[in-house]
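See below for final37.txt, which holds compact mmCIF, C-alpha atoms and all ligand atoms.
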```
# COMPACT_ATOMS: atom_id res chain seq x y z
CA THR O 1 0.00 0.00 0.00
CA ARG O 2 1.03 3.61 -0.58
CA SER O 3 3.33 5.14 2.02
CA THR O 4 2.12 7.94 4.29
CA ARG O 5 3.36 11.52 4.20
CA PRO O 6 5.18 11.15 7.55
CA GLN O 7 6.90 8.02 6.18
CA ARG O 8 8.01 9.97 3.09
CA LEU O 9 9.18 12.83 5.35
CA LEU O 10 11.31 10.38 7.39
CA LYS O 11 12.78 8.93 4.17
CA ALA O 12 13.78 12.44 3.10
CA VAL O 13 15.50 12.97 6.47
CA GLN O 14 17.39 9.67 6.23
CA LYS O 15 18.39 10.45 2.63
CA HIS O 16 19.45 14.11 2.97
CA ALA O 17 20.31 14.74 6.62
CA THR O 18 23.50 13.79 8.46
CA ARG O 19 23.02 11.48 11.43
CA GLY O 20 23.66 13.35 14.70
CA ASP O 21 23.29 16.77 13.04
CA PRO O 22 19.99 18.33 14.20
CA GLN O 23 20.30 21.35 11.88
CA SER O 24 20.55 19.08 8.83
CA VAL O 25 17.41 17.23 9.99
CA ILE O 26 15.55 20.55 10.32
CA SER O 27 16.76 21.69 6.88
CA ALA O 28 15.83 18.36 5.26
CA ILE O 29 12.27 18.55 6.63
CA ASP O 30 11.87 22.20 5.61
CA HIS O 31 13.12 21.39 2.09
CA PHE O 32 10.74 18.40 1.85
CA CYS O 33 7.76 20.52 2.99
CA ARG O 34 8.60 23.44 0.74
CA HIS O 35 9.45 21.49 -2.43
CA SER O 36 7.73 18.10 -2.12
CA GLU O 37 4.78 17.92 0.27
CA TRP O 38 3.43 20.48 2.74
CA ALA O 39 3.19 19.16 6.30
CA MET O 40 2.06 20.79 9.53
CA ASN O 41 5.49 21.35 11.06
CA ILE O 42 6.02 24.75 12.69
CA GLY O 43 8.50 25.44 9.86
CA ASP O 44 11.55 27.67 9.52
CA GLU O 45 10.01 31.14 9.96
CA LYS O 46 7.94 30.45 13.10
CA GLY O 47 10.68 27.97 14.07
CA SER O 48 13.17 30.83 14.38
CA ILE O 49 10.80 32.56 16.82
CA LEU O 50 10.49 29.28 18.76
CA ASP O 51 14.30 29.08 18.85
CA SER O 52 14.63 32.60 20.24
CA VAL O 53 12.04 32.03 22.98
CA VAL O 54 13.63 28.69 23.99
CA SER O 55 17.10 30.29 24.09
CA GLU O 56 15.77 33.17 26.22
CA VAL O 57 14.06 30.79 28.70
CA ASN O 58 16.93 28.24 28.69
CA PRO O 59 14.58 25.66 30.26
CA GLU O 60 15.55 22.54 32.24
CA LYS O 61 12.08 20.95 32.01
CA VAL O 62 10.12 21.18 28.77
CA LEU O 63 6.70 19.78 27.78
CA GLU O 64 5.55 19.57 24.14
CA LEU O 65 1.91 18.77 23.35
CA GLY O 66 1.64 17.12 19.93
CA THR O 67 4.89 15.64 18.58
CA TYR O 68 3.66 14.82 15.04
CA CYS O 69 6.90 14.02 13.13
CA GLY O 70 9.23 15.51 15.73
CA TYR O 71 10.30 18.64 13.84
CA SER O 72 9.70 21.07 16.72
CA THR O 73 10.95 18.44 19.17
CA VAL O 74 14.32 18.54 17.36
CA ARG O 75 14.26 22.36 17.14
CA ILE O 76 13.74 22.66 20.91
CA ALA O 77 15.94 19.75 22.10
CA ARG O 78 18.98 20.92 20.07
CA LEU O 79 19.00 24.16 22.12
CA LEU O 80 18.66 22.59 25.59
CA PRO O 81 21.55 22.66 28.09
CA PRO O 82 23.10 19.33 29.21
CA GLY O 83 20.83 17.55 31.70
CA ALA O 84 17.70 19.36 30.49
CA ARG O 85 14.76 17.13 29.52
CA LEU O 86 11.97 17.44 26.97
CA ILE O 87 8.84 15.32 27.38
CA THR O 88 6.71 15.21 24.22
CA LEU O 89 3.21 13.69 24.07
CA GLU O 90 1.81 12.05 20.91
CA PHE O 91 -1.23 9.77 20.87
CA ASN O 92 -1.05 8.65 17.23
CA ALA O 93 1.13 5.51 17.16
CA ASP O 94 2.12 5.94 13.50
CA TYR O 95 3.25 9.54 14.02
CA ALA O 96 5.05 8.56 17.26
CA ALA O 97 7.00 5.85 15.40
CA ILE O 98 8.13 8.33 12.74
CA ALA O 99 9.00 10.99 15.34
CA ARG O 100 11.13 8.49 17.31
CA GLN O 101 13.21 7.85 14.18
CA VAL O 102 13.55 11.57 13.39
CA ILE O 103 14.71 12.28 16.97
CA ILE O 104 17.23 9.41 16.80
CA TRP O 105 18.51 10.62 13.41
CA ALA O 106 19.11 14.02 14.99
CA GLY O 107 21.03 12.32 17.82
CA LEU O 108 18.80 13.88 20.49
CA GLU O 109 17.26 10.75 22.03
CA ASP O 110 19.08 11.36 25.35
CA LYS O 111 17.31 14.71 25.86
CA VAL O 112 13.86 13.65 24.66
CA GLN O 113 11.24 11.36 26.19
CA LEU O 114 8.47 10.68 23.66
CA VAL O 115 5.38 9.39 25.47
CA GLU O 116 2.78 7.66 23.33
CA GLY O 117 -0.51 8.79 24.84
CA ALA O 118 -3.04 11.57 25.24
CA SER O 119 -2.13 14.86 26.91
CA GLU O 120 -5.21 14.76 29.12
CA ASP O 121 -4.16 11.32 30.44
CA TRP O 122 -0.49 12.14 30.96
CA ILE O 123 -0.54 15.73 32.28
CA PRO O 124 -2.01 14.51 35.60
CA ARG O 125 0.73 11.87 35.84
CA MET O 126 3.80 14.07 35.33
CA LYS O 127 4.65 14.20 39.02
CA GLU O 128 4.27 10.55 40.04
CA HIS O 129 5.45 9.04 36.75
CA PHE O 130 8.26 11.40 35.70
CA GLY O 131 9.11 13.12 38.98
CA ILE O 132 8.38 16.49 37.40
CA GLU O 133 7.33 19.20 39.86
CA THR O 134 6.84 22.07 37.40
CA PHE O 135 7.73 22.85 33.79
CA ASP O 136 9.85 25.82 32.72
CA PHE O 137 8.57 25.84 29.14
CA VAL O 138 5.50 24.34 27.40
CA PHE O 139 5.01 24.23 23.60
CA LEU O 140 1.39 23.75 22.48
CA ASP O 141 0.89 22.42 18.94
CA HIS O 142 -1.72 19.64 19.19
CA TRP O 143 -5.46 19.73 18.42
CA LYS O 144 -6.41 23.39 18.58
CA ASP O 145 -9.55 22.83 20.69
CA ARG O 146 -7.38 21.16 23.33
CA TYR O 147 -5.01 24.08 24.07
CA LEU O 148 -7.38 25.67 26.62
CA PRO O 149 -8.56 22.55 28.50
CA ASP O 150 -4.99 21.26 28.73
CA THR O 151 -3.71 24.64 29.97
CA LYS O 152 -6.35 24.62 32.71
CA LEU O 153 -5.42 21.01 33.50
CA MET O 154 -1.73 21.98 33.83
CA GLU O 155 -2.75 24.80 36.21
CA ASP O 156 -4.91 22.43 38.28
CA CYS O 157 -2.10 19.84 38.44
CA GLY O 158 0.30 22.50 39.74
CA LEU O 159 2.65 22.02 36.79
CA LEU O 160 3.04 25.77 36.12
CA ARG O 161 5.16 28.02 38.35
CA LYS O 162 5.73 31.77 38.51
CA GLY O 163 7.55 32.44 35.24
CA THR O 164 6.65 29.28 33.30
CA VAL O 165 6.46 30.20 29.61
CA LEU O 166 3.72 28.77 27.38
CA LEU O 167 4.27 29.13 23.62
CA ALA O 168 1.32 28.29 21.38
CA ASP O 169 1.49 27.65 17.63
CA ASN O 170 -1.29 28.53 15.14
CA VAL O 171 -3.07 31.20 17.12
CA ILE O 172 -4.29 32.72 13.82
CA CYS O 173 -4.34 29.75 11.40
CA PRO O 174 -6.13 27.42 12.10
CA GLY O 175 -6.69 29.64 15.18
CA VAL O 176 -7.33 29.03 18.88
CA PRO O 177 -9.85 31.75 19.83
CA ASP O 178 -10.89 30.38 23.23
CA TYR O 179 -7.27 29.85 24.34
CA LEU O 180 -6.22 33.30 23.09
CA ALA O 181 -9.08 35.05 24.92
CA TYR O 182 -8.18 33.19 28.10
CA VAL O 183 -4.44 33.92 28.24
CA ARG O 184 -4.94 37.52 27.07
CA ASN O 185 -7.66 38.33 29.64
CA SER O 186 -6.52 36.26 32.60
CA LEU O 187 -4.71 38.10 35.41
CA SER O 188 -2.57 34.97 35.79
CA TYR O 189 -0.79 35.46 32.44
CA LYS O 190 1.32 38.09 30.71
CA SER O 191 0.76 37.37 27.02
CA CYS O 192 2.23 38.66 23.76
CA TYR O 193 1.77 37.86 20.07
CA PHE O 194 4.56 37.12 17.57
CA LYS O 195 3.20 37.79 14.08
CA SER O 196 4.52 35.42 11.40
CA HIS O 197 3.26 33.19 8.59
CA LEU O 198 1.73 29.74 8.32
CA GLU O 199 4.54 27.27 7.71
CA TYR O 200 5.81 27.25 4.10
CA THR O 201 3.08 29.72 2.97
CA LYS O 202 2.33 33.45 2.77
CA ALA O 203 -0.79 33.17 4.93
CA GLU O 204 -0.72 34.97 8.26
CA ASP O 205 -0.18 32.96 11.42
CA GLY O 206 1.62 33.58 14.68
CA LEU O 207 2.76 32.37 18.07
CA GLU O 208 1.40 33.50 21.44
CA LYS O 209 3.89 33.62 24.31
CA SER O 210 2.22 33.59 27.73
CA VAL O 211 4.11 33.82 31.03
CA PHE O 212 2.30 32.30 34.02
CA LEU O 213 2.32 34.78 36.91
CA GLY O 214 1.28 32.28 39.60
C1 LIG Y 1 -5.72 15.90 22.65
N1 LIG Y 1 -4.55 15.29 23.17
C2 LIG Y 1 -3.49 14.90 22.42
N2 LIG Y 1 -2.53 14.16 23.02
C3 LIG Y 1 -1.47 13.75 22.30
N3 LIG Y 1 -1.27 14.02 21.00
C4 LIG Y 1 -2.22 14.75 20.38
C5 LIG Y 1 -3.36 15.23 21.04
N4 LIG Y 1 -4.11 15.94 20.16
C6 LIG Y 1 -3.45 15.90 18.98
N5 LIG Y 1 -2.32 15.18 19.10
C7 LIG Y 1 -1.31 14.96 18.07
O1 LIG Y 1 -0.77 16.25 17.79
C8 LIG Y 1 -0.71 16.46 16.37
C9 LIG Y 1 -1.82 17.38 15.98
C10 LIG Y 1 -1.58 18.60 15.54
C11 LIG Y 1 -2.72 19.49 15.13
N6 LIG Y 1 -2.16 20.57 14.34
C12 LIG Y 1 -2.89 21.13 13.39
O2 LIG Y 1 -4.06 20.80 13.18
C13 LIG Y 1 -2.24 22.15 12.55
C14 LIG Y 1 -2.88 22.51 11.36
C15 LIG Y 1 -2.30 23.45 10.50
C16 LIG Y 1 -3.01 23.82 9.26
C17 LIG Y 1 -3.10 25.15 8.88
C18 LIG Y 1 -3.78 25.50 7.69
C19 LIG Y 1 -4.34 24.50 6.90
F1 LIG Y 1 -4.96 24.83 5.74
C20 LIG Y 1 -4.24 23.16 7.28
C21 LIG Y 1 -3.58 22.81 8.46
C22 LIG Y 1 -1.07 24.04 10.82
C23 LIG Y 1 -0.43 23.67 12.01
O3 LIG Y 1 0.77 24.20 12.35
C24 LIG Y 1 -1.00 22.74 12.88
O4 LIG Y 1 -0.35 22.45 14.05
C25 LIG Y 1 -0.89 15.08 15.76
O5 LIG Y 1 0.35 14.43 15.70
C26 LIG Y 1 -1.85 14.43 16.76
O6 LIG Y 1 -1.79 13.02 16.71
MG MG Y 2 1.23 23.88 14.39
```

Using structure tokens, write down the structure from this file.
Amino acid sequence: TRSTRPQRLLKAVQKHATRGDPQSVISAIDHFCRHSEWAMNIGDEKGSILDSVVSEVNPEKVLELGTYCGYSTVRIARLLPPGARLITLEFNADYAAIARQVIIWAGLEDKVQLVEGASEDWIPRMKEHFGIETFDFVFLDHWKDRYLPDTKLMEDCGLLRKGTVLLADNVICPGVPDYLAYVRNSLSYKSCYFKSHLEYTKAEDGLEKSVFLG
């Protein structure tokens, strides 16, 4: 049967990227998505904004919601200091299998823990299962109608501390209106918008950075 797009994306990584070189993995995926098949990776333009926020926060404990093929996982993990850990949640087994291979190709498997499961099931288990008290940085890029409920769940589970940074993809396209209204109106967040473009296109999109104030 015909291969899937994530399988073809992984093939492109294994063909064009150098094992152990995260930048070459990023470039191979961006080239594939720009010249062969569009895929819903954050991409190079918004990816540079992600890079700058991660570098500014310099987090020890990172949570990513929605791994997909692992593109943003690699972007984030390549910038983390030694000993820092990134937990990424992905409930689609096929995508998780591809992402595992992409992360290994980038040589970042020691910094990344890919958990195959749903965010709503695993957020409440971060403390007892992973020994995580609070996260320093959270990247939201899963189903758009889940950003808000999962943010409230992270609050309720005590996983956010004064200064935790949430960075949300796609706040314009496809859009996350309920989440945006919440973080922009809540007295518990200081929020700002980074205007950009939908990955590999000229359409407007952007990232919302929200600092939890406790
Ligand atoms: C709900 N709990 C969950 N727990 C664990 N993993 C979850 C998950 N929800 C979704 N996922 C996974 O995250 C990923 C979902 C991402 C959803 N993203 C989008 O829909 C999206 C869509 C677009 C998009 C934009 C314009 C357009 F015309 C078409 C698509 C662009 C993006 O950057 C996107 O992120 C998948 O791998 C899915 O299996
Ligand atoms: Mg996205």

Legend entry - Surrounding residues as a VMD selection string, ligand MG 2 (chain Y), max 7 Å, only C-alpha atoms and all ligand atoms: chain O and resid 40 to 42 141 169 to 170

Inset, instruction - Compute the set of protein, DNA and RNA residues whose minimum atom distance to ligand LIG 1 (chain Y) is at most 7 Å, using only C-alpha atoms and all ligand atoms, and state it as a VMD selection string. - result: chain O and resid 40 to 42 65 to 68 89 to 92 95 117 to 120 141 to 144 146 169 to 170 173 to 174 198 to 199

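Between CA of Arg161 (chain O) and CA of Cys69 (chain O) there is a distance of 28.9 Å.
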
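Considering only C-alpha atoms, the residue among O:Ala84, O:Leu9, O:Leu213, O:Ile172 positioned nearest to Ile98 (chain O) is O:Leu9.
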
Inset, instruction - Go through O:Val57, O:Val211, O:Val13, O:Leu148 one by one, measure the shortest atom-to-atom distance of each to Ala99 (chain O) using all atoms listed in the file, and give the residue with the smallest value. - result: O:Val13

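The list of residues with at least one atom within 10 Å of Val74 (chain O), based on only C-alpha atoms and without residues fewer than 5 positions apart in the same chain, reads Pro22, Gln23, Val25, Ile26, Thr67, Cys69, Leu79, Leu86, Ala99, Val102, Ile103, Ile104, Trp105, Ala106, Gly107, Leu108, Glu109, Lys111 and Val112 of chain O.
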